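Chemist: First the structure, then my questions, so here it is.
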Amino acid sequence: DAGVTQSPTHLIKTRGQHVTLRCSPISGHKSVSWYQQVLGQGPQFIFQYYEKEERGRGNFPDRFSARQFPNYSSELNVNALLLGDSALYLCASSLAGQGTDTQYFGPGTRLTVL
Amino acid sequence: AQSVTQLDSQVPVFEEAPVELRCNYSSSVSVYLFWYVQYPNQGLQLLLKYLSGSTLVKGINGFEAEFNKSQTSFHLRKPSVHISDTAEYFCAVSGGGGSNYKLTFGKGTLLTVNP
């Protein structure tokens with residue numbers, strides 16, 4: 001079975017632009033979470049979606065938004081990009097997004113903001 | 001709020017030596033604990049997890065970890081490391097209460113195995 005897939009792999013944007021990152025979960029998984037990993041740090045939680053509803057949001061500004069589609073894939077949108085948004089964006093899927101569930105991570109999208 | 005502290009940012013060891021990567025957590029409620037490994041330019045892969053029951057947890061690639069509630073620790077160990085174990089290791093916690101859906105990660109420990 002395919003694991004979690006993310007696109008694109010790499011992305012270069014300039015300040016003020018908008019970006020959309022995409023994630024396809026493992027088949028049968030209904031929950032998708034997004035994490036931001038800045039160089040040299042651990043991943044930080046941004047959003048979790050379950051059955052197309054936002055279940056939780058981390059401490060990120062409103063420039064960050066996401067949604068989950070009927071097929072359980074997800075998009076992360078970031079508006080008005082700042083240099084500090086440069087990071088590896090990780091998507092993780094799980095069966096139901098509960099604390100006991102294992103979250104399976106994709107390879108990530110490397111975003112560079114110039 | 002939950003937090004995770006990984007006490008060592010870098011751990012260099014020689015091949016076939018034992019290794020311990022330290023992790024402490026703080027939480028006001030019961031927690032679930034995880035260790036993930038990240039190889040260069042890749043996502044995170046689960047090594048092992050503690051949910052309940054036996055405090056000694058065995059994972060993939062010969063790793064194990066011990067949950068110690070009194071010391072709020074979840075240290076990762078391997079009796080004999082290989083060059084291929086060189087990677088970044090992250091300890092993470094999720095838990096009960098209103099935010100049990102998210103993982104809170106430590107800053108990571110870079111394990112470098114030298115020949």
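FYI, nothing fancy with the structure tokens labels: chains A, B, ... in order, residues from 1 per chain, ligands from 1 as they appear.
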List every residue of chain B that has an atom at most 6 Å from any atom of chain A, giving for each one its closest atom pair and the distance in Å to one decimal, counting only C-alpha atoms, sorted by chain and then by ascending residue number, as JSON lines.

Modeler:
{"residue": "B:Gln42", "atom": "CA", "partner": "A:Pro107", "partner_atom": "CA", "distance": 5.0}
{"residue": "B:Gly43", "atom": "CA", "partner": "A:Pro107", "partner_atom": "CA", "distance": 4.0}
{"residue": "B:Leu44", "atom": "CA", "partner": "A:Phe105", "partner_atom": "CA", "distance": 5.6}
{"residue": "B:Ser94", "atom": "CA", "partner": "A:Gly99", "partner_atom": "CA", "distance": 5.4}
{"residue": "B:Gly95", "atom": "CA", "partner": "A:Gly99", "partner_atom": "CA", "distance": 5.8}
{"residue": "B:Asn100", "atom": "CA", "partner": "A:Gly99", "partner_atom": "CA", "distance": 4.7}
{"residue": "B:Tyr101", "atom": "CA", "partner": "A:Gly99", "partner_atom": "CA", "distance": 4.8}
{"residue": "B:Phe105", "atom": "CA", "partner": "A:Gly42", "partner_atom": "CA", "distance": 5.6}
{"residue": "B:Gly106", "atom": "CA", "partner": "A:Gly42", "partner_atom": "CA", "distance": 5.6}
{"residue": "B:Lys107", "atom": "CA", "partner": "A:Gly42", "partner_atom": "CA", "distance": 4.4}
{"residue": "B:Gly108", "atom": "CA", "partner": "A:Gly42", "partner_atom": "CA", "distance": 5.9}

Chemist: Restricted to C-alpha atoms, what would the selected residues look like written as a compact mmCIF listing (two decimals), in the first residue's frame?

Modeler:
# COMPACT_ATOMS: atom_id res chain seq x y z
CA GLN B 42 12.92 12.24 4.70
CA GLY B 43 9.78 12.30 6.81
CA LEU B 44 9.42 10.75 10.24
CA SER B 94 0.13 13.04 23.00
CA GLY B 95 -2.35 12.74 25.76
CA ASN B 100 -5.03 14.40 22.66
CA TYR B 101 -5.15 14.52 18.90
CA PHE B 105 7.75 16.95 19.84
CA GLY B 106 11.08 17.56 21.48
CA LYS B 107 13.81 19.39 19.60
CA GLY B 108 15.48 16.18 18.52

Chemist: Using only C-alpha atoms, which protein or nucleic acid residues come within 6 Å of region 88-91 of chain B? Drop anything in the same chain fewer than 3 positions from it, and give the result as JSON, numbers by chain.

Modeler: {"B": [34, 35, 36, 37, 38, 105, 106, 108, 109, 110]}

Chemist: Taking only C-alpha atoms into account, which of A:Leu82, A:Glu53, A:Leu114, A:Gly28 comes nearest Ser94 (chain A)?

Modeler: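 Selected residue with least distance to Ser94 (chain A): A:Gly28.
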
Chemist: Give me the residues near Leu33 (chain B) as a PyMOL selection string, where near means some atom within 7 Å (using only C-alpha atoms) and where sequence neighbours in that chain fewer than 4 positions away do not count.

Modeler: chain B and resi 49-51+92-94

Chemist: Just N, CA, C and O atoms for this one: save the residues we selected as an mmCIF file, in the first residue's frame.

Modeler:
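Below is the file result25.cif, written as the result:
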data_model
loop_
_atom_site.group_PDB
_atom_site.id
_atom_site.type_symbol
_atom_site.label_atom_id
_atom_site.label_comp_id
_atom_site.auth_asym_id
_atom_site.auth_seq_id
_atom_site.Cartn_x
_atom_site.Cartn_y
_atom_site.Cartn_z
ATOM 1 N N LYS B 49 6.146 3.012 20.477
ATOM 2 C CA LYS B 49 5.218 3.851 21.228
ATOM 3 C C LYS B 49 4.806 3.161 22.510
ATOM 4 O O LYS B 49 4.774 1.928 22.588
ATOM 5 N N TYR B 50 4.497 3.984 23.519
ATOM 6 C CA TYR B 50 3.960 3.496 24.781
ATOM 7 C C TYR B 50 2.554 4.055 24.951
ATOM 8 O O TYR B 50 2.353 5.274 24.961
ATOM 9 N N LEU B 51 1.604 3.133 25.109
ATOM 10 C CA LEU B 51 0.216 3.553 25.361
ATOM 11 C C LEU B 51 -0.209 3.202 26.773
ATOM 12 O O LEU B 51 -0.830 4.006 27.472
ATOM 13 N N ALA B 92 8.128 12.277 21.313
ATOM 14 C CA ALA B 92 6.876 13.027 21.186
ATOM 15 C C ALA B 92 5.857 12.498 22.183
ATOM 16 O O ALA B 92 5.908 11.335 22.593
ATOM 17 N N VAL B 93 4.913 13.355 22.527
ATOM 18 C CA VAL B 93 3.869 13.004 23.479
ATOM 19 C C VAL B 93 2.512 13.444 22.949
ATOM 20 O O VAL B 93 2.392 14.479 22.305
ATOM 21 N N SER B 94 1.514 12.626 23.172
ATOM 22 C CA SER B 94 0.132 13.037 23.002
ATOM 23 C C SER B 94 -0.581 12.589 24.268
ATOM 24 O O SER B 94 -0.032 11.810 25.053
#

Chemist: Tell me which protein, DNA and RNA residues are within 7 Å of Arg77 (chain B), counting only C-alpha atoms, leaving out same-chain ones fewer than 6 positions away, and put them as number ranges by chain.

Modeler: B: 19-21, 63-65

Chemist: When distances are computed from only C-alpha atoms, which of A:Gln17, A:Asn59, A:Gln68, A:Ser93 shows the smallest separation from Gln36 (chain A)?

Modeler: A:Asn59

Chemist: Which is closer to Pro12 (chain B) than all the others in B:Leu111, B:Ile60, B:Val31, B:Leu47, using only C-alpha atoms?

Modeler: B:Leu111

Chemist: Return as an MDAnalysis selection string the full set of residues in chain A whose backbone-based DSSP assignment is strand (DSSP E).

Modeler: chainID A and resid 5:7 10:13 19:24 31:37 44:50 53:57 64:68 74:78 87:94 104:105 109:113

Chemist: Given the choices A:Ala87, A:Ala80, A:Thr112, A:Phe64, which gets closest to Arg15 (chain A) if the distance is worked out from only C-alpha atoms?

Modeler: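 Of A:Ala87, A:Ala80, A:Thr112, A:Phe64, the one nearest Arg15 (chain A) is A:Ala80, counting only C-alpha atoms.
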